[in-house]
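A.B. asks: Structure file coords-v4.csv (CSV, C-alpha atoms and all ligand atoms) is given on the next line.
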chain,number,residue,atom,x,y,z
A,1,MET,CA,-8.4,-24.3,-14.8
A,2,GLU,CA,-7.1,-27.4,-16.6
A,3,SER,CA,-3.9,-26.9,-18.7
A,4,LEU,CA,-3.2,-23.5,-17.1
A,5,CYS,CA,0.2,-23.3,-15.6
A,6,VAL,CA,2.1,-20.4,-14.0
A,7,ARG,CA,5.8,-20.6,-14.1
A,8,PHE,CA,9.0,-18.4,-14.1
A,9,VAL,CA,9.6,-16.7,-17.4
A,10,LYS,CA,12.3,-17.9,-19.8
A,11,GLU,CA,14.2,-15.9,-22.3
A,12,LYS,CA,12.3,-17.6,-25.2
A,13,ASP,CA,9.0,-16.3,-23.7
A,14,LEU,CA,9.9,-12.6,-24.0
A,15,GLY,CA,8.6,-12.3,-27.6
A,16,SER,CA,5.1,-13.5,-26.5
A,17,VAL,CA,5.2,-11.4,-23.4
A,18,PHE,CA,5.9,-8.3,-25.5
A,19,LYS,CA,3.1,-9.1,-27.9
A,20,ILE,CA,0.7,-9.3,-25.0
A,21,GLU,CA,2.1,-6.1,-23.6
A,22,LYS,CA,1.5,-4.2,-26.9
A,23,LEU,CA,-2.1,-5.6,-27.2
A,24,CYS,CA,-2.9,-4.6,-23.7
A,25,PHE,CA,-1.2,-1.2,-23.3
A,26,GLY,CA,-0.6,0.0,-26.9
A,27,SER,CA,1.6,3.2,-26.9
A,28,GLU,CA,2.1,2.9,-23.1
A,29,ALA,CA,3.7,-0.6,-23.4
A,30,TYR,CA,7.0,-1.3,-21.7
A,31,SER,CA,9.8,-1.9,-24.2
A,32,PRO,CA,11.3,-5.3,-25.0
A,33,SER,CA,14.6,-4.2,-23.4
A,34,LEU,CA,12.8,-3.4,-20.1
A,35,PHE,CA,11.4,-6.9,-20.1
A,36,SER,CA,14.9,-8.3,-20.7
A,37,TYR,CA,16.1,-6.2,-17.7
A,38,PHE,CA,13.3,-7.6,-15.6
A,39,LEU,CA,14.4,-11.1,-16.6
A,40,THR,CA,18.0,-10.7,-15.8
A,41,THR,CA,17.9,-8.4,-12.8
A,42,GLY,CA,16.2,-10.5,-10.1
A,43,PHE,CA,12.6,-9.4,-10.5
A,44,VAL,CA,9.8,-11.8,-9.8
A,45,PHE,CA,8.7,-12.5,-13.4
A,46,LEU,CA,6.1,-15.1,-14.1
A,47,VAL,CA,4.1,-16.2,-17.1
A,48,ALA,CA,0.8,-18.1,-17.5
A,49,GLU,CA,0.9,-20.8,-20.1
A,50,PHE,CA,-2.2,-22.4,-21.5
A,51,LYS,CA,-2.1,-25.3,-24.0
A,52,GLY,CA,1.5,-24.4,-24.8
A,53,LEU,CA,0.8,-20.7,-25.4
A,54,ILE,CA,2.0,-17.8,-23.2
A,55,ILE,CA,-1.3,-16.0,-22.4
A,56,GLY,CA,-0.2,-13.6,-19.6
A,57,TYR,CA,2.6,-12.4,-17.4
A,58,CYS,CA,3.2,-10.6,-14.1
A,59,VAL,CA,6.3,-8.8,-12.9
A,60,ALA,CA,7.0,-7.7,-9.3
A,61,GLU,CA,9.9,-6.1,-7.5
A,62,VAL,CA,11.1,-6.9,-4.0
A,63,ARG,CA,12.8,-4.2,-1.9
A,64,ASN,CA,13.5,-5.5,1.6
A,65,SER,CA,10.2,-6.1,3.2
A,66,GLU,CA,8.2,-4.3,0.5
A,67,GLY,CA,7.0,-5.6,-2.8
A,68,LEU,CA,5.8,-3.7,-5.9
A,69,ILE,CA,3.5,-5.2,-8.6
A,70,ILE,CA,5.0,-3.6,-11.7
A,71,SER,CA,2.6,-5.0,-14.2
A,72,ILE,CA,0.2,-7.8,-14.9
A,73,ALA,CA,-1.6,-8.5,-18.2
A,74,VAL,CA,-3.5,-11.3,-19.9
A,75,HIS,CA,-4.1,-11.7,-23.6
A,76,PRO,CA,-7.6,-10.3,-24.4
A,77,LYS,CA,-8.7,-13.7,-25.8
A,78,TYR,CA,-7.9,-15.5,-22.6
A,79,ARG,CA,-9.3,-13.2,-20.0
A,80,GLY,CA,-12.0,-14.1,-17.5
A,81,MET,CA,-10.8,-17.6,-17.0
A,82,GLY,CA,-8.6,-17.2,-14.0
A,83,ALA,CA,-5.2,-16.5,-15.5
A,84,GLY,CA,-4.8,-13.1,-13.9
A,85,SER,CA,-5.8,-14.6,-10.5
A,86,ALA,CA,-3.4,-17.5,-10.9
A,87,LEU,CA,-0.5,-15.1,-11.8
A,88,LEU,CA,-1.2,-12.7,-8.9
A,89,SER,CA,-1.7,-15.6,-6.4
A,90,LYS,CA,1.6,-17.1,-7.3
A,91,VAL,CA,3.4,-13.8,-7.3
A,92,LEU,CA,2.0,-13.0,-3.8
A,93,SER,CA,3.1,-16.4,-2.5
A,94,LEU,CA,6.6,-15.8,-3.8
A,95,LEU,CA,6.7,-12.3,-2.2
A,96,ASP,CA,5.4,-13.8,1.0
A,97,SER,CA,8.2,-16.5,0.9
A,98,LYS,CA,10.7,-13.6,0.5
A,99,ARG,CA,9.4,-12.1,3.8
A,100,VAL,CA,7.7,-9.2,2.1
A,101,GLU,CA,5.2,-7.6,4.4
A,102,LYS,CA,3.6,-4.9,2.3
A,103,VAL,CA,2.8,-5.0,-1.4
A,104,PHE,CA,2.1,-1.8,-3.4
A,105,LEU,CA,0.8,-1.0,-6.8
A,106,GLN,CA,-0.7,1.7,-8.9
A,107,VAL,CA,-3.7,1.1,-11.2
A,108,LYS,CA,-5.9,3.4,-13.3
A,109,LYS,CA,-9.0,4.3,-11.3
A,110,GLU,CA,-11.2,3.5,-14.4
A,111,ASN,CA,-9.6,0.0,-14.9
A,112,LYS,CA,-12.4,-2.0,-13.3
A,113,ALA,CA,-11.1,-5.4,-14.2
A,114,ALA,CA,-7.7,-4.8,-12.6
A,115,VAL,CA,-9.1,-2.9,-9.6
A,116,ASN,CA,-11.6,-5.8,-9.0
A,117,LEU,CA,-8.8,-8.3,-9.3
A,118,TYR,CA,-6.6,-6.5,-6.8
A,119,SER,CA,-9.5,-6.0,-4.4
A,120,LYS,CA,-10.4,-9.7,-4.6
A,121,PHE,CA,-6.9,-10.4,-3.3
A,122,GLY,CA,-7.3,-7.9,-0.4
A,123,PHE,CA,-5.6,-4.8,-1.8
A,124,GLU,CA,-7.0,-1.6,-0.4
A,125,VAL,CA,-6.8,1.9,-1.8
A,126,LEU,CA,-4.4,4.0,0.2
A,127,LYS,CA,-4.8,7.2,-1.9
A,128,VAL,CA,-5.9,8.6,-5.2
A,129,LEU,CA,-3.0,10.0,-7.3
A,130,LYS,CA,-4.5,12.8,-9.4
A,131,ASN,CA,-3.4,13.1,-13.1
A,132,TYR,CA,-1.0,10.2,-12.5
A,133,TYR,CA,-0.9,8.9,-16.1
A,134,MET,CA,0.2,10.5,-19.3
A,135,ASP,CA,-3.5,10.7,-20.5
A,136,GLY,CA,-4.4,12.7,-17.4
A,137,SER,CA,-6.3,9.9,-15.7
A,138,ASP,CA,-6.1,9.2,-11.9
A,139,ALA,CA,-4.5,6.2,-10.2
A,140,TYR,CA,-5.4,4.3,-7.2
A,141,PHE,CA,-2.3,3.6,-5.0
A,142,MET,CA,-3.1,0.3,-3.4
A,143,GLN,CA,-1.6,-1.8,-0.6
A,144,LEU,CA,-1.8,-5.3,0.6
A,145,LEU,CA,-0.6,-6.4,4.0
A,146,LEU,CA,0.6,-9.9,3.4
A,147,LYS,CA,0.4,-11.0,7.0
A,148,HIS,CA,-3.4,-10.3,6.9
A,149,SER,CA,-3.9,-11.9,3.5
A,150,LYS,CA,-6.0,-15.1,3.8
A,151,THR,CA,-5.5,-15.7,0.0
A,152,VAL,CA,-1.8,-16.4,0.2
A,153,LYS,CA,-1.7,-17.9,3.7
A,154,GLY,CA,-4.8,-19.9,3.8
B,201,LIG,C1,-6.7,-7.2,-15.2
B,201,LIG,C2,-6.5,-8.5,-15.9
B,201,LIG,C3,-5.0,-8.9,-15.8
B,201,LIG,C4,-7.3,-9.6,-15.3
B,201,LIG,O1,-7.0,-10.9,-15.9
B,201,LIG,P1,-8.0,-12.1,-16.0
B,201,LIG,O2,-7.3,-13.3,-16.4
B,201,LIG,O3,-9.2,-11.7,-16.9
B,201,LIG,O4,-8.5,-12.2,-14.5
B,201,LIG,P2,-9.4,-13.4,-13.8
B,201,LIG,O5,-10.1,-14.2,-14.9
B,201,LIG,O6,-8.4,-14.1,-13.0
B,201,LIG,O7,-10.4,-12.6,-13.0
B,201,LIG,C5,-10.1,-12.2,-11.7
B,201,LIG,C6,-11.0,-11.1,-11.2
B,201,LIG,O8,-10.8,-9.9,-11.9
B,201,LIG,C7,-12.0,-9.2,-11.9
B,201,LIG,N1,-12.4,-9.0,-13.3
B,201,LIG,C8,-11.8,-9.7,-14.4
B,201,LIG,N2,-12.3,-9.2,-15.5
B,201,LIG,C9,-13.2,-8.3,-15.2
B,201,LIG,C10,-14.1,-7.5,-15.9
B,201,LIG,N3,-14.2,-7.5,-17.3
B,201,LIG,N4,-14.9,-6.6,-15.3
B,201,LIG,C11,-14.9,-6.5,-13.9
B,201,LIG,N5,-14.1,-7.3,-13.2
B,201,LIG,C12,-13.3,-8.2,-13.8
B,201,LIG,C13,-13.0,-10.0,-11.2
B,201,LIG,O9,-13.0,-9.6,-9.8
B,201,LIG,C14,-12.5,-11.4,-11.3
B,201,LIG,O10,-12.9,-12.2,-10.2
B,201,LIG,P3,-14.2,-13.1,-10.4
B,201,LIG,O11,-13.9,-14.0,-11.6
B,201,LIG,O12,-14.2,-13.9,-9.1
B,201,LIG,O13,-15.3,-12.2,-10.6
B,201,LIG,C15,-6.8,-8.4,-17.4
B,201,LIG,O14,-8.1,-7.8,-17.5
B,201,LIG,C16,-5.9,-7.6,-18.2
B,201,LIG,O15,-4.9,-8.1,-18.7
B,201,LIG,N6,-6.2,-6.3,-18.4
B,201,LIG,C17,-5.3,-5.4,-19.3
B,201,LIG,C18,-4.0,-5.1,-18.6
B,201,LIG,C19,-4.2,-4.4,-17.3
B,201,LIG,O16,-5.0,-3.5,-17.2
B,201,LIG,N7,-3.4,-4.7,-16.3
B,201,LIG,C20,-3.4,-4.1,-15.0
B,201,LIG,C21,-2.5,-2.9,-15.0
B,201,LIG,S1,-2.4,-2.2,-13.4
Please go through the file and, once you have read it, give me the structure as structure tokens.
Ligand SMILES: CC(C)(COP(=O)(O)OP(=O)(O)OC[C@H]1O[C@@H](n2cnc3c(N)ncnc32)[C@H](O)[C@@H]1OP(=O)(O)O)[C@@H](O)C(=O)NCCC(=O)NCCS

C.D. replies:
Amino acid sequence: MESLCVRFVKEKDLGSVFKIEKLCFGSEAYSPSLFSYFLTTGFVFLVAEFKGLIIGYCVAEVRNSEGLIISIAVHPKYRGMGAGSALLSKVLSLLDSKRVEKVFLQVKKENKAAVNLYSKFGFEVLKVLKNYYMDGSDAYFMQLLLKHSKTVKG
């Protein structure tokens, strides 16, 4: 999409990132201090910028050959126009370049938009985690084998 750019987060972006986090996750939102920690501790932390505004972010962790998608969110007003895909695509490329072989994540089973996004990139459900979330809902534990992913290699 024209004018959409995905780049590494900067400290000045953290306020916008946290606003998006609150809008998307409400009482389950990560704290501002956790985002500062992600920024300063070597996490893969990207933002999507559209017409000068921060409209989404994605954070991932690398542990040797394994990656973990910690969170991804796009401002409600800017969903459905490819920002989530652009963020995930770039994060997966970066994990691939760091020689990550397997990427994991947890997502609410009922979160159709996110489950579809992950499936589109080749993530597969490894197991269902019953009562995983505070509200009692189940999670999908999903995995992507990067060496088999056409999206990031192709
Ligand atoms: C999940 C989320 C990041 C997707 O961001 P987005 O910018 O809207 O995503 P995109 O426009 O790139 O869409 C990518 C794919 O996601 C899926 N998708 C997006 N919105 C969807 C919806 N409302 N219903 C079903 N599938 C949807 C589709 O597969 C879509 O691919 P397609 O356009 O080829 O059909 C966004 O909905 C969001 O921020 N949700 C709230 C936060 C959240 O739940 N994060 C995940 C936590 S694990």

A.B. asks: How close does each residue of chain A get to ligand LIG 201 (chain B), giving the shortest atom pair and distance in Å to one decimal for every residue with an atom at most 7 Å away, counting only C-alpha atoms and all ligand atoms, sorted by chain and residue number, as JSON lines?

C.D. replies:
{"residue": "A:Cys24", "atom": "CA", "partner": "B:LIG201", "partner_atom": "C17", "distance": 5.1}
{"residue": "A:Phe25", "atom": "CA", "partner": "B:LIG201", "partner_atom": "C18", "distance": 6.7}
{"residue": "A:Ser71", "atom": "CA", "partner": "B:LIG201", "partner_atom": "C21", "distance": 5.6}
{"residue": "A:Ile72", "atom": "CA", "partner": "B:LIG201", "partner_atom": "N7", "distance": 5.0}
{"residue": "A:Ala73", "atom": "CA", "partner": "B:LIG201", "partner_atom": "O15", "distance": 3.4}
{"residue": "A:Val74", "atom": "CA", "partner": "B:LIG201", "partner_atom": "O15", "distance": 3.7}
{"residue": "A:His75", "atom": "CA", "partner": "B:LIG201", "partner_atom": "O15", "distance": 6.1}
{"residue": "A:Pro76", "atom": "CA", "partner": "B:LIG201", "partner_atom": "O15", "distance": 6.7}
{"residue": "A:Tyr78", "atom": "CA", "partner": "B:LIG201", "partner_atom": "O2", "distance": 6.6}
{"residue": "A:Arg79", "atom": "CA", "partner": "B:LIG201", "partner_atom": "O3", "distance": 3.4}
{"residue": "A:Gly80", "atom": "CA", "partner": "B:LIG201", "partner_atom": "O5", "distance": 3.2}
{"residue": "A:Met81", "atom": "CA", "partner": "B:LIG201", "partner_atom": "O5", "distance": 4.1}
{"residue": "A:Gly82", "atom": "CA", "partner": "B:LIG201", "partner_atom": "O6", "distance": 3.3}
{"residue": "A:Ala83", "atom": "CA", "partner": "B:LIG201", "partner_atom": "O2", "distance": 3.9}
{"residue": "A:Gly84", "atom": "CA", "partner": "B:LIG201", "partner_atom": "O2", "distance": 3.5}
{"residue": "A:Ser85", "atom": "CA", "partner": "B:LIG201", "partner_atom": "O6", "distance": 3.6}
{"residue": "A:Ala86", "atom": "CA", "partner": "B:LIG201", "partner_atom": "O6", "distance": 6.4}
{"residue": "A:Gln106", "atom": "CA", "partner": "B:LIG201", "partner_atom": "S1", "distance": 6.2}
{"residue": "A:Val107", "atom": "CA", "partner": "B:LIG201", "partner_atom": "S1", "distance": 4.2}
{"residue": "A:Lys108", "atom": "CA", "partner": "B:LIG201", "partner_atom": "S1", "distance": 6.6}
{"residue": "A:Asn111", "atom": "CA", "partner": "B:LIG201", "partner_atom": "O16", "distance": 6.2}
{"residue": "A:Lys112", "atom": "CA", "partner": "B:LIG201", "partner_atom": "C11", "distance": 5.2}
{"residue": "A:Ala113", "atom": "CA", "partner": "B:LIG201", "partner_atom": "C12", "distance": 3.6}
{"residue": "A:Ala114", "atom": "CA", "partner": "B:LIG201", "partner_atom": "C1", "distance": 3.7}
{"residue": "A:Asn116", "atom": "CA", "partner": "B:LIG201", "partner_atom": "O9", "distance": 4.1}
{"residue": "A:Leu117", "atom": "CA", "partner": "B:LIG201", "partner_atom": "O8", "distance": 3.6}
{"residue": "A:Lys120", "atom": "CA", "partner": "B:LIG201", "partner_atom": "O9", "distance": 5.8}

A.B. asks: Pull the closest atom pair for each residue of range 94-128 of chain A that gets at most 10 Å from range 47-67 of chain A, along with the distance in Å to one decimal, counting all atoms listed in the file, ordering rows by chain and then ascending residue number, as a tab-separated table.

C.D. replies:
residue	atom	partner	partner_atom	distance
A:Leu94	CA	A:Ala60	CA	9.8
A:Leu95	CA	A:Gly67	CA	6.7
A:Asp96	CA	A:Gly67	CA	9.2
A:Lys98	CA	A:Ser65	CA	8.0
A:Arg99	CA	A:Ser65	CA	6.1
A:Val100	CA	A:Ser65	CA	4.1
A:Glu101	CA	A:Ser65	CA	5.4
A:Lys102	CA	A:Glu66	CA	5.0
A:Val103	CA	A:Gly67	CA	4.5
A:Phe104	CA	A:Gly67	CA	6.2
A:Leu105	CA	A:Gly67	CA	8.7

A.B. asks: For the residues in the current selection, export C-alpha atoms as a CSV table (one decimal), in the coordinates of the input.

C.D. replies:
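Saved file again_34.csv follows:
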chain,number,residue,atom,x,y,z
A,94,LEU,CA,6.6,-15.8,-3.8
A,95,LEU,CA,6.7,-12.3,-2.2
A,96,ASP,CA,5.4,-13.8,1.0
A,98,LYS,CA,10.7,-13.6,0.5
A,99,ARG,CA,9.4,-12.1,3.8
A,100,VAL,CA,7.7,-9.2,2.1
A,101,GLU,CA,5.2,-7.6,4.4
A,102,LYS,CA,3.6,-4.9,2.3
A,103,VAL,CA,2.8,-5.0,-1.4
A,104,PHE,CA,2.1,-1.8,-3.4
A,105,LEU,CA,0.8,-1.0,-6.8

A.B. asks: Figure out the distance between CA of Glu110 in chain A and CA of Lys22 in chain A, please, to one decimal in Å.

C.D. replies: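 Pair CA of Lys22 in chain A / CA of Glu110 in chain A returns 19.4 Å.
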
A.B. asks: Rounded to one decimal, what separation in Å do you get between CA of Tyr140 in chain A and CA of Phe123 in chain A?

C.D. replies: 10.6 Å

A.B. asks: Just the number, please: distance in Å from CA of Asp135 in chain A to CA of Tyr118 in chain A, one decimal.

C.D. replies: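 CA of Tyr118 in chain A lies at a distance of 22.2 Å from CA of Asp135 in chain A.
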
A.B. asks: As a list in words, please: the residues near Phe8 in chain A (cut-off 8 Å, all atoms listed in the file, same-chain neighbours under 5 positions excluded).

C.D. replies: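 Once the adjacent positions are removed, what remains is Val44, Phe45, Leu46 and Val47 of chain A.
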
A.B. asks: Could you check which of A:Val91, A:Tyr132, A:Leu34, A:Phe141 is closest to Val115 in chain A, using only C-alpha atoms?

C.D. replies: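 Residue with the minimum atom-to-atom distance to Val115 in chain A: A:Phe141.
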
A.B. asks: If we count all atoms listed in the file, what is near Glu124 in chain A at a cut-off of 7 Å, once residues fewer than 6 positions away on the same chain are taken out, given as a compact mmCIF listing (two decimals) with C-alpha atoms, in the frame of the given file?

C.D. replies:
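After the write, result_35.txt holds the following:
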# COMPACT_ATOMS: atom_id res chain seq x y z
CA MET A 142 -3.10 0.30 -3.40
CA GLN A 143 -1.60 -1.80 -0.60
CA LEU A 144 -1.80 -5.30 0.60

A.B. asks: Select, counting all atoms listed in the file, all protein, DNA and RNA residues no farther than 7 Å from (-6.2, 11.5, -10.5) in file coordinates, and express the selection as a ChimeraX atom specification.

C.D. replies: /A:128-132,137-139

A.B. asks: Find the residue from A:Val6, A:Leu39, A:Ile20, A:Leu92 that sits nearest to Leu145 in chain A; use all atoms listed in the file when measuring.

C.D. replies: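 Using all atoms listed in the file, Leu145 in chain A sits closest to A:Leu92.
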
A.B. asks: If we count all atoms listed in the file and set the cut-off at 12 Å, which residues sit around Ser33 in chain A, ignoring sequence neighbours fewer than 6 positions away in its own chain? Please answer as a PyMOL selection string.

C.D. replies: chain A and resi 11+14-15+17-18+39-41

A.B. asks: Limited to C-alpha atoms, could you put the picked residues into a file as a CSV table (one decimal), in the coordinates of the input?

C.D. replies:
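again.csv, written as the output of this step:
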chain,number,residue,atom,x,y,z
A,11,GLU,CA,14.2,-15.9,-22.3
A,14,LEU,CA,9.9,-12.6,-24.0
A,15,GLY,CA,8.6,-12.3,-27.6
A,17,VAL,CA,5.2,-11.4,-23.4
A,18,PHE,CA,5.9,-8.3,-25.5
A,39,LEU,CA,14.4,-11.1,-16.6
A,40,THR,CA,18.0,-10.7,-15.8
A,41,THR,CA,17.9,-8.4,-12.8

A.B. asks: Restricting the calculation to only C-alpha atoms: of A:Val9, A:Met134, A:Ser93, A:Leu68, which residue gets closest to Ser27 in chain A?

C.D. replies: A:Met134

A.B. asks: With distances taken over only C-alpha atoms, which of A:Lys109, A:Arg7, A:Lys90, A:Lys77 is nearest to Gly136 in chain A?

C.D. replies: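 Looking only at the distances to Gly136 in chain A, the closest residue turns out to be A:Lys109.
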